[in-house]
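Chemist: Sharing a structure below in structure tokens format, with a few things to ask.
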Amino acid sequence: MNEPRRGTPDFMLLLLTFLLVGFGLVMVFSASSVIALAKEEFNNDPLYFVKRQAIFAVAGTVGMFFLMNIPAGKLRPLLRPAFIGVLILLALVPFLGIKVNGARSWFIFGGFGMQPSEYAKVAVILYLSLLISKKGERFRDLKKGLLPTVIIVGIVAGLIMMQPDFGSTMILVLAASLVIVVGGANLKHIFLAVGSMAVIASLVLTIYVLTSDSLGYRMDRVSCYLNPWFDPQGACYQIVQSLYAFGHGELIGAGFGKSIQKMHYLPEAHNDFIFAIIGEEFGFLGTIFFLFCYLMLLWRGIIVSLRCTDSFGSLAGTGIVGLIGIQALINMGGVTGTIPMTGVTLPFISYGGSSLLVMMCSIGILLSISREHSRPDKEHKERRQQRG
């Protein structure tokens, strides 16, 4: 028997994804061209970073279209091996990985970096969605339902903290918690689990901070969050320069390519702090429009997830939307001084091949879920019922 034809993907979600990725490439060029032109290690090529980002954008587009054309249900047999593979990579990173910006969280292959924690976040979301959908009503049981999922999240979070990468750990835990809550876990069990995890996390974090040689560095981040001006030329240099960028942008911005802070004032301008360059070059109004596009993408993702009748697809879609939204919120919060800096990328915008590839493939899964709702046979059946 032939399988029913699949529907069309959500066009608005696809359009917004390409819009954000294209804008990200433009902003990576604007934010990185000065530093790339000035340094020999980047071949004095102003297009050095944008060329590398474009490679991952093309790979992400291929991955997105590939996953978009595979029914989400057919991914289920692959999720367990993918999850195990991610665990192995995370376990190897502290020993074989490359240390960048104080964290040993990268593998280097052929001159390109791969960050396993980026893949781990999506793998955990999909694997949890699979487990919860299989358990059904049994998920409300503490021992057989909630506890195994909490243990899975705890193991992966612990491996990421070993790098250490507090930002990715926080994103993973929050996104996984969203999936668990939406999956129908008992609220009493959730509060119990959250309380237990908070106590354990506090103990682990305290031990880590006291035994780590980065105690002063961590405390400086908290101090800069409370008062960015207590050491503007030292520990708080990045956040102060970021605030200068937003101030220079004012209402309508300095104009594309006319940022001053990217002129060797703001470190990581093309990476973690690219949102500050957006604010400087496009101003308050341009930033509001950019945020509107971001919110529209998240809104379309929520609609796709809610319309899905399959529990796995609905949970996976919710987790992916939560993952994108939480990471964007943490990045923007750190850049604007609303929360302490954690060093995470802005999805679809910041320079970073692993992040861009994972996010675009995640959108491909969302698009595949959207096609299940818009099946032609379902539409024809509804029309026949209305006529009858």
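By order of appearance in the structure tokens: chains A, B, ..., then residues from 1 within every chain, and ligands from 1 in the order shown.
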For segment 352-359 of chain A, list every protein, DNA or RNA residue within 9 Å, evaluated using only C-alpha atoms, and leave out those in the same chain fewer than 3 positions away; present the list as a VMD selection string.

Modeler: chain A and resid 21 52 to 61 63 to 64 112 to 116 118 to 119 122 271 320 324 345 to 349 362 to 364

Chemist: Next, write the just-selected residues to a file, as an mmCIF file, in the first residue's frame, keeping N, CA and C atoms as the atom set.

Modeler:
```cif
data_model
loop_
_atom_site.group_PDB
_atom_site.id
_atom_site.type_symbol
_atom_site.label_atom_id
_atom_site.label_comp_id
_atom_site.auth_asym_id
_atom_site.auth_seq_id
_atom_site.Cartn_x
_atom_site.Cartn_y
_atom_site.Cartn_z
ATOM 1 N N VAL A 21 19.682 33.554 8.233
ATOM 2 C CA VAL A 21 21.009 33.039 7.840
ATOM 3 C C VAL A 21 21.698 34.021 6.902
ATOM 4 N N ARG A 52 34.243 30.981 5.408
ATOM 5 C CA ARG A 52 34.122 29.769 6.219
ATOM 6 C C ARG A 52 32.691 29.593 6.721
ATOM 7 N N GLN A 53 32.060 30.698 7.094
ATOM 8 C CA GLN A 53 30.671 30.611 7.547
ATOM 9 C C GLN A 53 29.754 30.187 6.400
ATOM 10 N N ALA A 54 30.062 30.666 5.186
ATOM 11 C CA ALA A 54 29.234 30.321 4.025
ATOM 12 C C ALA A 54 29.303 28.828 3.724
ATOM 13 N N ILE A 55 30.458 28.204 3.974
ATOM 14 C CA ILE A 55 30.582 26.759 3.756
ATOM 15 C C ILE A 55 29.594 26.005 4.638
ATOM 16 N N PHE A 56 29.515 26.412 5.899
ATOM 17 C CA PHE A 56 28.588 25.747 6.823
ATOM 18 C C PHE A 56 27.138 26.125 6.517
ATOM 19 N N ALA A 57 26.926 27.325 5.973
ATOM 20 C CA ALA A 57 25.569 27.709 5.569
ATOM 21 C C ALA A 57 25.078 26.825 4.433
ATOM 22 N N VAL A 58 25.963 26.539 3.482
ATOM 23 C CA VAL A 58 25.599 25.643 2.375
ATOM 24 C C VAL A 58 25.358 24.229 2.902
ATOM 25 N N ALA A 59 26.268 23.753 3.773
ATOM 26 C CA ALA A 59 26.087 22.418 4.357
ATOM 27 C C ALA A 59 24.801 22.360 5.179
ATOM 28 N N GLY A 60 24.502 23.431 5.912
ATOM 29 C CA GLY A 60 23.269 23.478 6.696
ATOM 30 C C GLY A 60 22.034 23.475 5.812
ATOM 31 N N THR A 61 22.116 24.157 4.672
ATOM 32 C CA THR A 61 20.984 24.163 3.730
ATOM 33 C C THR A 61 20.730 22.767 3.176
ATOM 34 N N GLY A 63 21.577 19.932 4.661
ATOM 35 C CA GLY A 63 21.041 19.143 5.764
ATOM 36 C C GLY A 63 19.593 19.480 6.062
ATOM 37 N N MET A 64 19.243 20.752 5.965
ATOM 38 C CA MET A 64 17.873 21.180 6.239
ATOM 39 C C MET A 64 16.902 20.592 5.224
ATOM 40 N N PHE A 112 38.851 23.056 10.341
ATOM 41 C CA PHE A 112 37.528 23.464 10.796
ATOM 42 C C PHE A 112 37.263 22.865 12.170
ATOM 43 N N GLY A 113 36.604 23.645 13.011
ATOM 44 C CA GLY A 113 36.314 23.191 14.359
ATOM 45 C C GLY A 113 34.947 22.529 14.457
ATOM 46 N N MET A 114 34.831 21.544 15.351
ATOM 47 C CA MET A 114 33.556 20.912 15.641
ATOM 48 C C MET A 114 33.346 20.929 17.148
ATOM 49 N N GLN A 115 32.217 21.450 17.585
ATOM 50 C CA GLN A 115 31.913 21.576 19.009
ATOM 51 C C GLN A 115 30.822 20.562 19.374
ATOM 52 N N PRO A 116 31.197 19.442 20.006
ATOM 53 C CA PRO A 116 30.217 18.396 20.306
ATOM 54 C C PRO A 116 29.045 18.864 21.159
ATOM 55 N N GLU A 118 27.267 21.449 20.869
ATOM 56 C CA GLU A 118 26.194 21.956 20.017
ATOM 57 C C GLU A 118 25.324 20.812 19.507
ATOM 58 N N TYR A 119 25.956 19.713 19.119
ATOM 59 C CA TYR A 119 25.208 18.554 18.648
ATOM 60 C C TYR A 119 24.498 17.855 19.815
ATOM 61 N N VAL A 122 20.817 19.226 20.724
ATOM 62 C CA VAL A 122 19.729 18.741 19.868
ATOM 63 C C VAL A 122 19.524 17.246 20.063
ATOM 64 N N ASN A 271 31.467 37.068 16.786
ATOM 65 C CA ASN A 271 31.040 35.829 17.419
ATOM 66 C C ASN A 271 29.997 36.106 18.502
ATOM 67 N N ILE A 320 13.000 22.014 20.064
ATOM 68 C CA ILE A 320 13.846 22.754 19.126
ATOM 69 C C ILE A 320 13.571 24.251 19.213
ATOM 70 N N ILE A 324 16.319 27.143 20.493
ATOM 71 C CA ILE A 324 16.693 28.348 19.749
ATOM 72 C C ILE A 324 16.378 29.603 20.564
ATOM 73 N N THR A 345 26.724 31.544 21.361
ATOM 74 C CA THR A 345 26.500 32.219 20.085
ATOM 75 C C THR A 345 25.042 32.621 19.919
ATOM 76 N N LEU A 346 24.810 33.582 19.037
ATOM 77 C CA LEU A 346 23.455 33.983 18.664
ATOM 78 C C LEU A 346 23.023 33.117 17.489
ATOM 79 N N PRO A 347 22.007 32.265 17.654
ATOM 80 C CA PRO A 347 21.628 31.306 16.601
ATOM 81 C C PRO A 347 21.394 31.959 15.238
ATOM 82 N N PHE A 348 21.959 31.354 14.206
ATOM 83 C CA PHE A 348 21.851 31.755 12.796
ATOM 84 C C PHE A 348 22.671 33.003 12.462
ATOM 85 N N ILE A 349 23.164 33.734 13.446
ATOM 86 C CA ILE A 349 23.803 35.026 13.198
ATOM 87 C C ILE A 349 25.298 34.983 13.493
ATOM 88 N N SER A 362 18.101 21.504 12.601
ATOM 89 C CA SER A 362 16.962 21.476 13.519
ATOM 90 C C SER A 362 15.728 22.078 12.860
ATOM 91 N N ILE A 363 15.917 23.149 12.111
ATOM 92 C CA ILE A 363 14.800 23.732 11.370
ATOM 93 C C ILE A 363 14.292 22.747 10.319
ATOM 94 N N GLY A 364 15.196 21.961 9.738
ATOM 95 C CA GLY A 364 14.777 20.937 8.789
ATOM 96 C C GLY A 364 13.824 19.933 9.420
#
```

Chemist: Would you mind listing what lies within 12 Å of Gly97 of chain A as a CSV table (one decimal) with all heavy atoms, in the first residue's frame, with only C-alpha atoms counted and same-chain residues fewer than 4 positions away left out?

Modeler:
```csv
chain,number,residue,atom,x,y,z
A,89,LEU,N,31.7,11.4,22.2
A,89,LEU,CA,32.4,12.6,21.8
A,89,LEU,C,32.6,13.6,23.0
A,89,LEU,O,33.7,14.1,23.2
A,89,LEU,CB,31.7,13.4,20.7
A,89,LEU,CG,31.7,12.7,19.3
A,89,LEU,CD1,30.8,13.5,18.3
A,89,LEU,CD2,33.1,12.6,18.8
A,90,LEU,N,31.5,13.7,23.8
A,90,LEU,CA,31.6,14.6,25.0
A,90,LEU,C,32.6,14.0,26.0
A,90,LEU,O,33.4,14.8,26.7
A,90,LEU,CB,30.3,14.7,25.6
A,90,LEU,CG,29.2,15.6,24.9
A,90,LEU,CD1,27.9,15.6,25.6
A,90,LEU,CD2,29.7,17.0,24.8
A,91,ALA,N,32.7,12.7,26.1
A,91,ALA,CA,33.6,12.1,27.0
A,91,ALA,C,35.1,12.2,26.6
A,91,ALA,O,36.0,12.3,27.4
A,91,ALA,CB,33.3,10.6,27.2
A,92,LEU,N,35.3,12.3,25.2
A,92,LEU,CA,36.6,12.5,24.7
A,92,LEU,C,37.2,13.9,24.7
A,92,LEU,O,38.4,14.1,24.6
A,92,LEU,CB,36.7,11.9,23.3
A,92,LEU,CG,36.5,10.4,23.2
A,92,LEU,CD1,36.4,10.0,21.7
A,92,LEU,CD2,37.6,9.6,23.9
A,93,VAL,N,36.2,14.9,24.7
A,93,VAL,CA,36.6,16.3,24.5
A,93,VAL,C,37.6,16.7,25.6
A,93,VAL,O,38.6,17.4,25.2
A,93,VAL,CB,35.4,17.2,24.5
A,93,VAL,CG1,35.8,18.6,24.7
A,93,VAL,CG2,34.7,17.1,23.2
A,102,GLY,N,39.6,29.4,27.1
A,102,GLY,CA,39.5,28.8,28.4
A,102,GLY,C,38.7,27.6,28.5
A,102,GLY,O,38.6,27.0,29.6
A,103,ALA,N,38.1,27.1,27.5
A,103,ALA,CA,37.3,25.9,27.5
A,103,ALA,C,37.8,24.8,26.5
A,103,ALA,O,38.1,25.2,25.3
A,103,ALA,CB,35.8,26.2,27.2
A,104,ARG,N,38.0,23.6,26.9
A,104,ARG,CA,38.4,22.5,26.0
A,104,ARG,C,37.2,21.9,25.5
A,104,ARG,O,36.8,20.8,26.0
A,104,ARG,CB,39.3,21.6,26.8
A,104,ARG,CG,40.1,20.6,25.9
A,104,ARG,CD,41.0,19.7,26.7
A,104,ARG,NE,42.0,20.4,27.4
A,104,ARG,CZ,43.1,20.8,26.9
A,104,ARG,NH1,43.4,20.5,25.7
A,104,ARG,NH2,44.0,21.5,27.7
A,105,SER,N,36.6,22.4,24.4
A,105,SER,CA,35.3,21.9,23.9
A,105,SER,C,35.3,21.8,22.4
A,105,SER,O,34.2,21.7,21.8
A,105,SER,CB,34.2,22.9,24.3
A,105,SER,OG,34.5,24.2,23.9
A,106,TRP,N,36.5,21.7,21.8
A,106,TRP,CA,36.5,21.7,20.3
A,106,TRP,C,37.4,20.5,19.8
A,106,TRP,O,38.4,20.1,20.4
A,106,TRP,CB,37.1,23.0,19.7
A,106,TRP,CG,36.3,24.2,20.0
A,106,TRP,CD1,36.3,24.9,21.1
A,106,TRP,CD2,35.4,24.8,19.1
A,106,TRP,NE1,35.4,26.0,21.0
A,106,TRP,CE2,34.8,25.9,19.8
A,106,TRP,CE3,34.9,24.5,17.8
A,106,TRP,CZ2,33.9,26.7,19.2
A,106,TRP,CZ3,34.0,25.3,17.3
A,106,TRP,CH2,33.5,26.4,17.9
A,107,PHE,N,37.0,19.9,18.7
A,107,PHE,CA,37.8,19.1,17.9
A,107,PHE,C,38.1,19.8,16.6
A,107,PHE,O,37.2,20.5,16.1
A,107,PHE,CB,37.1,17.8,17.5
A,107,PHE,CG,36.9,16.8,18.7
A,107,PHE,CD1,35.6,16.4,19.1
A,107,PHE,CD2,38.0,16.3,19.4
A,107,PHE,CE1,35.5,15.5,20.1
A,107,PHE,CE2,37.8,15.5,20.4
A,107,PHE,CZ,36.6,15.1,20.8
A,108,ILE,N,39.3,19.7,16.1
A,108,ILE,CA,39.7,20.3,14.8
A,108,ILE,C,39.9,19.3,13.8
A,108,ILE,O,40.7,18.3,13.9
A,108,ILE,CB,41.0,21.2,15.0
A,108,ILE,CG1,40.8,22.2,16.1
A,108,ILE,CG2,41.4,21.8,13.7
A,108,ILE,CD1,39.7,23.2,15.9
A,109,PHE,N,39.2,19.4,12.7
A,109,PHE,CA,39.3,18.5,11.5
A,109,PHE,C,39.5,19.3,10.2
A,109,PHE,O,38.7,20.1,9.9
A,109,PHE,CB,38.1,17.7,11.4
A,109,PHE,CG,37.8,16.8,12.5
A,109,PHE,CD1,36.8,17.1,13.4
A,109,PHE,CD2,38.5,15.6,12.8
A,109,PHE,CE1,36.5,16.3,14.5
A,109,PHE,CE2,38.2,14.8,13.9
A,109,PHE,CZ,37.2,15.2,14.7
A,113,GLY,N,36.6,23.6,13.0
A,113,GLY,CA,36.3,23.2,14.4
A,113,GLY,C,34.9,22.5,14.5
A,113,GLY,O,34.0,22.9,13.7
A,114,MET,N,34.8,21.5,15.4
A,114,MET,CA,33.6,20.9,15.6
A,114,MET,C,33.3,20.9,17.1
A,114,MET,O,34.2,20.5,17.9
A,114,MET,CB,33.5,19.5,15.1
A,114,MET,CG,32.1,18.8,15.3
A,114,MET,SD,32.1,17.0,15.1
A,114,MET,CE,32.8,16.6,16.7
A,115,GLN,N,32.2,21.4,17.6
A,115,GLN,CA,31.9,21.6,19.0
A,115,GLN,C,30.8,20.6,19.4
A,115,GLN,O,29.6,20.8,19.1
A,115,GLN,CB,31.4,23.0,19.3
A,115,GLN,CG,31.4,23.3,20.8
A,115,GLN,CD,31.1,24.8,21.1
A,115,GLN,OE1,30.8,25.5,20.2
A,115,GLN,NE2,31.3,25.2,22.3
A,116,PRO,N,31.2,19.4,20.0
A,116,PRO,CA,30.2,18.4,20.3
A,116,PRO,C,29.0,18.9,21.2
A,116,PRO,O,27.9,18.3,21.0
A,116,PRO,CB,31.0,17.3,21.1
A,116,PRO,CG,32.4,17.6,20.6
A,116,PRO,CD,32.6,19.0,20.4
A,117,SER,N,29.2,19.9,22.0
A,117,SER,CA,28.1,20.3,22.9
A,117,SER,C,27.0,20.9,22.0
A,117,SER,O,25.8,20.8,22.5
A,117,SER,CB,28.6,21.4,23.9
A,117,SER,OG,29.2,22.5,23.2
A,162,MET,N,32.4,19.6,32.3
A,162,MET,CA,33.8,19.2,32.5
A,162,MET,C,34.7,20.0,31.5
A,162,MET,O,36.0,20.1,31.7
A,162,MET,CB,34.0,17.7,32.2
A,162,MET,CG,33.4,16.8,33.3
A,162,MET,SD,33.5,15.1,32.9
A,162,MET,CE,35.3,14.9,32.7
A,163,GLN,N,34.2,20.6,30.5
A,163,GLN,CA,35.0,21.3,29.5
A,163,GLN,C,35.7,22.6,30.0
A,163,GLN,O,36.9,22.7,29.6
A,163,GLN,CB,34.1,21.6,28.3
A,163,GLN,CG,33.6,20.3,27.7
A,163,GLN,CD,32.6,20.6,26.5
A,163,GLN,OE1,32.5,21.7,26.0
A,163,GLN,NE2,32.0,19.5,26.0
A,164,PRO,N,35.3,23.5,30.8
A,164,PRO,CA,33.9,23.7,31.2
A,164,PRO,C,33.1,24.6,30.3
A,164,PRO,O,33.7,25.5,29.7
A,164,PRO,CB,34.1,24.4,32.6
A,164,PRO,CG,35.3,25.2,32.4
A,164,PRO,CD,36.2,24.4,31.4
```

Chemist: Just list the residues in segment 97-274 of chain A DSSP gives alpha helix (DSSP H) on the backbone, as an MDAnalysis selection string.

Modeler: chainID A and resid 116:135 147:161 166:182 187:211 215:226 237:249 274

Chemist: One decimal, in Å: what's the spacing between atom CA of Gly85 of chain A and atom CA of Ile160 of chain A?

Modeler: 14.4 Å

Chemist: Please provide the set of residues having any atom within 10 Å of Leu329 of chain A, restricted to only C-alpha atoms, with same-chain residues fewer than 6 positions apart removed, written as a ChimeraX atom specification.

Modeler: /A:171,323,335,338-339,346-347

Chemist: Convert the current residue selection to file output with N, CA and C atoms, as a JSON list (two decimals), in the first residue's frame.

Modeler:
```json
[["chain", "number", "residue", "atom", "x", "y", "z"],
["A", 171, "ILE", "N", 21.73, 26.11, 28.78],
["A", 171, "ILE", "CA", 20.79, 26.01, 27.66],
["A", 171, "ILE", "C", 20.22, 24.60, 27.57],
["A", 323, "LEU", "N", 15.02, 25.50, 22.41],
["A", 323, "LEU", "CA", 16.47, 25.55, 22.32],
["A", 323, "LEU", "C", 16.94, 26.82, 21.63],
["A", 335, "VAL", "N", 25.07, 40.10, 26.25],
["A", 335, "VAL", "CA", 25.64, 41.21, 25.47],
["A", 335, "VAL", "C", 25.12, 42.56, 25.98],
["A", 338, "THR", "N", 22.08, 42.32, 30.75],
["A", 338, "THR", "CA", 20.88, 41.96, 31.49],
["A", 338, "THR", "C", 21.13, 40.76, 32.39],
["A", 339, "ILE", "N", 21.97, 39.82, 31.93],
["A", 339, "ILE", "CA", 22.38, 38.67, 32.72],
["A", 339, "ILE", "C", 23.90, 38.55, 32.61],
["A", 346, "LEU", "N", 24.81, 33.58, 19.04],
["A", 346, "LEU", "CA", 23.46, 33.98, 18.66],
["A", 346, "LEU", "C", 23.02, 33.12, 17.49],
["A", 347, "PRO", "N", 22.01, 32.27, 17.65],
["A", 347, "PRO", "CA", 21.63, 31.31, 16.60],
["A", 347, "PRO", "C", 21.39, 31.96, 15.24]]
```

Chemist: One number please: atom CA of Val181 of chain A to atom CA of Lys121 of chain A, in Å, one decimal.

Modeler: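 Interatomic distance, atom CA of Val181 of chain A to atom CA of Lys121 of chain A: 17.0 Å.
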
Chemist: Can you pull out the residues contacting segment 128-138 of chain A? Cut-off 9 Å, using only C-alpha atoms, and skip same-chain residues under 4 positions away; I want them as a list in words.

Modeler: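 The neighbour list is Arg76, Leu79, Ala123, Val124, Leu142, Lys144, Gly145, Leu146, Thr149, Ile152, Val153, Ala176, Val179, Ile180, Gly183, Gly184, Asp310, Ser311, Phe312, Gly313, Ser314, Leu315, Ala316 and Gly319 of chain A.
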
Chemist: Export C-alpha atoms of the chosen residues as a CSV table (one decimal), in the first residue's frame?

Modeler:
```csv
chain,number,residue,atom,x,y,z
A,76,ARG,CA,13.3,7.5,15.6
A,79,LEU,CA,18.2,8.7,17.8
A,123,ALA,CA,20.5,15.0,20.4
A,124,VAL,CA,19.2,15.2,24.0
A,142,LEU,CA,8.5,9.1,39.2
A,144,LYS,CA,9.9,4.8,35.5
A,145,GLY,CA,9.1,8.1,33.9
A,146,LEU,CA,10.7,11.3,35.1
A,149,THR,CA,15.0,11.5,31.8
A,152,ILE,CA,20.1,11.4,31.1
A,153,VAL,CA,20.1,15.2,31.2
A,176,ALA,CA,15.3,19.7,28.3
A,179,VAL,CA,10.4,19.2,27.0
A,180,ILE,CA,9.8,17.3,30.3
A,183,GLY,CA,5.6,16.0,28.0
A,184,GLY,CA,3.2,15.8,30.9
A,310,ASP,CA,2.1,12.9,16.9
A,311,SER,CA,3.5,13.2,20.4
A,312,PHE,CA,7.1,12.7,19.3
A,313,GLY,CA,6.8,15.4,16.6
A,314,SER,CA,5.1,17.8,19.0
A,315,LEU,CA,7.7,17.4,21.8
A,316,ALA,CA,10.6,17.5,19.3
A,319,GLY,CA,12.2,21.4,22.3
```

Chemist: Would you mind telling me which residue in A:Asn331, A:Thr287, A:Ser223, A:Ser30 lies nearest to Phe49 of chain A when using only C-alpha atoms?

Modeler: A:Ser30

Chemist: Find the spatial neighbours of Leu291 of chain A, counting only C-alpha atoms, within a cut-off of 12 Å - ignore same-chain residues fewer than 2 positions away - and output them as a list in words.

Modeler: Leu16, Leu20, Phe275, Ile278, Gly279, Phe284, Leu285, Gly286, Thr287, Ile288, Phe289, Cys293, Tyr294, Leu295, Met296, Leu297, Leu298, Gly325, Ala328, Leu329, Met332 and Leu346 of chain A

Chemist: Those same residues - N, CA, C and O atoms - I'd like them written as a PDB file, in the first residue's frame.

Modeler:
```pdb
ATOM      1  N   LEU A  16      11.845  32.701   6.817  1.00  0.00           N
ATOM      2  CA  LEU A  16      12.483  33.390   7.949  1.00  0.00           C
ATOM      3  C   LEU A  16      13.854  32.795   8.254  1.00  0.00           C
ATOM      4  O   LEU A  16      14.786  33.519   8.624  1.00  0.00           O
ATOM      5  N   LEU A  20      17.265  35.009   8.177  1.00  0.00           N
ATOM      6  CA  LEU A  20      18.186  35.154   9.311  1.00  0.00           C
ATOM      7  C   LEU A  20      19.589  34.669   8.951  1.00  0.00           C
ATOM      8  O   LEU A  20      20.587  35.303   9.331  1.00  0.00           O
ATOM      9  N   PHE A 275      25.551  40.755  18.282  1.00  0.00           N
ATOM     10  CA  PHE A 275      24.312  41.494  18.516  1.00  0.00           C
ATOM     11  C   PHE A 275      24.607  42.963  18.825  1.00  0.00           C
ATOM     12  O   PHE A 275      23.827  43.854  18.466  1.00  0.00           O
ATOM     13  N   ILE A 278      25.071  44.706  15.565  1.00  0.00           N
ATOM     14  CA  ILE A 278      23.755  44.946  14.952  1.00  0.00           C
ATOM     15  C   ILE A 278      23.131  46.197  15.545  1.00  0.00           C
ATOM     16  O   ILE A 278      22.598  47.056  14.828  1.00  0.00           O
ATOM     17  N   GLY A 279      23.203  46.325  16.867  1.00  0.00           N
ATOM     18  CA  GLY A 279      22.644  47.493  17.524  1.00  0.00           C
ATOM     19  C   GLY A 279      23.351  48.779  17.141  1.00  0.00           C
ATOM     20  O   GLY A 279      22.717  49.833  17.009  1.00  0.00           O
ATOM     21  N   PHE A 284      18.289  51.357  17.298  1.00  0.00           N
ATOM     22  CA  PHE A 284      17.171  50.780  18.040  1.00  0.00           C
ATOM     23  C   PHE A 284      16.091  50.241  17.101  1.00  0.00           C
ATOM     24  O   PHE A 284      15.574  49.141  17.298  1.00  0.00           O
ATOM     25  N   LEU A 285      15.764  51.007  16.056  1.00  0.00           N
ATOM     26  CA  LEU A 285      14.702  50.591  15.145  1.00  0.00           C
ATOM     27  C   LEU A 285      15.094  49.326  14.380  1.00  0.00           C
ATOM     28  O   LEU A 285      14.282  48.405  14.208  1.00  0.00           O
ATOM     29  N   GLY A 286      16.332  49.279  13.903  1.00  0.00           N
ATOM     30  CA  GLY A 286      16.792  48.088  13.185  1.00  0.00           C
ATOM     31  C   GLY A 286      16.841  46.871  14.087  1.00  0.00           C
ATOM     32  O   GLY A 286      16.504  45.757  13.660  1.00  0.00           O
ATOM     33  N   THR A 287      17.235  47.074  15.342  1.00  0.00           N
ATOM     34  CA  THR A 287      17.281  45.969  16.296  1.00  0.00           C
ATOM     35  C   THR A 287      15.884  45.437  16.584  1.00  0.00           C
ATOM     36  O   THR A 287      15.675  44.224  16.689  1.00  0.00           O
ATOM     37  N   ILE A 288      14.914  46.334  16.711  1.00  0.00           N
ATOM     38  CA  ILE A 288      13.535  45.914  16.944  1.00  0.00           C
ATOM     39  C   ILE A 288      13.021  45.075  15.767  1.00  0.00           C
ATOM     40  O   ILE A 288      12.359  44.046  15.962  1.00  0.00           O
ATOM     41  N   PHE A 289      13.326  45.497  14.539  1.00  0.00           N
ATOM     42  CA  PHE A 289      12.897  44.722  13.365  1.00  0.00           C
ATOM     43  C   PHE A 289      13.571  43.355  13.353  1.00  0.00           C
ATOM     44  O   PHE A 289      12.933  42.338  13.022  1.00  0.00           O
ATOM     45  N   CYS A 293      11.705  39.589  13.530  1.00  0.00           N
ATOM     46  CA  CYS A 293      11.923  38.432  12.651  1.00  0.00           C
ATOM     47  C   CYS A 293      12.238  37.179  13.475  1.00  0.00           C
ATOM     48  O   CYS A 293      11.753  36.079  13.172  1.00  0.00           O
ATOM     49  N   TYR A 294      13.024  37.350  14.512  1.00  0.00           N
ATOM     50  CA  TYR A 294      13.367  36.238  15.395  1.00  0.00           C
ATOM     51  C   TYR A 294      12.119  35.687  16.069  1.00  0.00           C
ATOM     52  O   TYR A 294      11.891  34.471  16.125  1.00  0.00           O
ATOM     53  N   LEU A 295      11.296  36.586  16.597  1.00  0.00           N
ATOM     54  CA  LEU A 295      10.077  36.166  17.278  1.00  0.00           C
ATOM     55  C   LEU A 295       9.109  35.485  16.316  1.00  0.00           C
ATOM     56  O   LEU A 295       8.411  34.528  16.690  1.00  0.00           O
ATOM     57  N   MET A 296       9.058  35.965  15.081  1.00  0.00           N
ATOM     58  CA  MET A 296       8.189  35.346  14.089  1.00  0.00           C
ATOM     59  C   MET A 296       8.633  33.914  13.800  1.00  0.00           C
ATOM     60  O   MET A 296       7.806  33.005  13.649  1.00  0.00           O
ATOM     61  N   LEU A 297       9.951  33.686  13.706  1.00  0.00           N
ATOM     62  CA  LEU A 297      10.456  32.333  13.480  1.00  0.00           C
ATOM     63  C   LEU A 297      10.068  31.416  14.635  1.00  0.00           C
ATOM     64  O   LEU A 297       9.621  30.284  14.428  1.00  0.00           O
ATOM     65  N   LEU A 298      10.219  31.904  15.873  1.00  0.00           N
ATOM     66  CA  LEU A 298       9.854  31.104  17.034  1.00  0.00           C
ATOM     67  C   LEU A 298       8.350  30.850  17.075  1.00  0.00           C
ATOM     68  O   LEU A 298       7.900  29.750  17.422  1.00  0.00           O
ATOM     69  N   GLY A 325      15.182  29.650  21.134  1.00  0.00           N
ATOM     70  CA  GLY A 325      14.771  30.830  21.885  1.00  0.00           C
ATOM     71  C   GLY A 325      15.603  31.057  23.133  1.00  0.00           C
ATOM     72  O   GLY A 325      16.002  32.189  23.434  1.00  0.00           O
ATOM     73  N   ALA A 328      19.164  32.230  22.177  1.00  0.00           N
ATOM     74  CA  ALA A 328      19.139  33.621  21.725  1.00  0.00           C
ATOM     75  C   ALA A 328      18.960  34.565  22.902  1.00  0.00           C
ATOM     76  O   ALA A 328      19.609  35.618  22.990  1.00  0.00           O
ATOM     77  N   LEU A 329      18.088  34.202  23.825  1.00  0.00           N
ATOM     78  CA  LEU A 329      17.826  35.048  24.993  1.00  0.00           C
ATOM     79  C   LEU A 329      19.063  35.176  25.874  1.00  0.00           C
ATOM     80  O   LEU A 329      19.383  36.270  26.359  1.00  0.00           O
ATOM     81  N   MET A 332      21.694  37.455  23.972  1.00  0.00           N
ATOM     82  CA  MET A 332      21.320  38.864  23.987  1.00  0.00           C
ATOM     83  C   MET A 332      21.361  39.431  25.405  1.00  0.00           C
ATOM     84  O   MET A 332      21.767  40.585  25.610  1.00  0.00           O
ATOM     85  N   LEU A 346      24.810  33.582  19.037  1.00  0.00           N
ATOM     86  CA  LEU A 346      23.455  33.983  18.664  1.00  0.00           C
ATOM     87  C   LEU A 346      23.023  33.117  17.489  1.00  0.00           C
ATOM     88  O   LEU A 346      23.620  33.193  16.411  1.00  0.00           O
TER      89      LEU A 346
END
```

Chemist: Nearest residue to Asn69 of chain A out of A:Leu87, A:Pro9, A:Ala36, A:His189, using only C-alpha atoms?

Modeler: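 Smallest distance to Asn69 of chain A is found for A:Pro9.
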
Chemist: Could you tell me how far atom CA of Pro340 of chain A sits from atom CA of Val34 of chain A, in Å to one decimal place?

Modeler: 27.6 Å

Chemist: Using DSSP assignments from the backbone, pull out every residue in segment 106-328 of chain A that falls under strand (DSSP E or B) and give it to me as a PyMOL selection string.

Modeler: chain A and resi 106-109+112-114
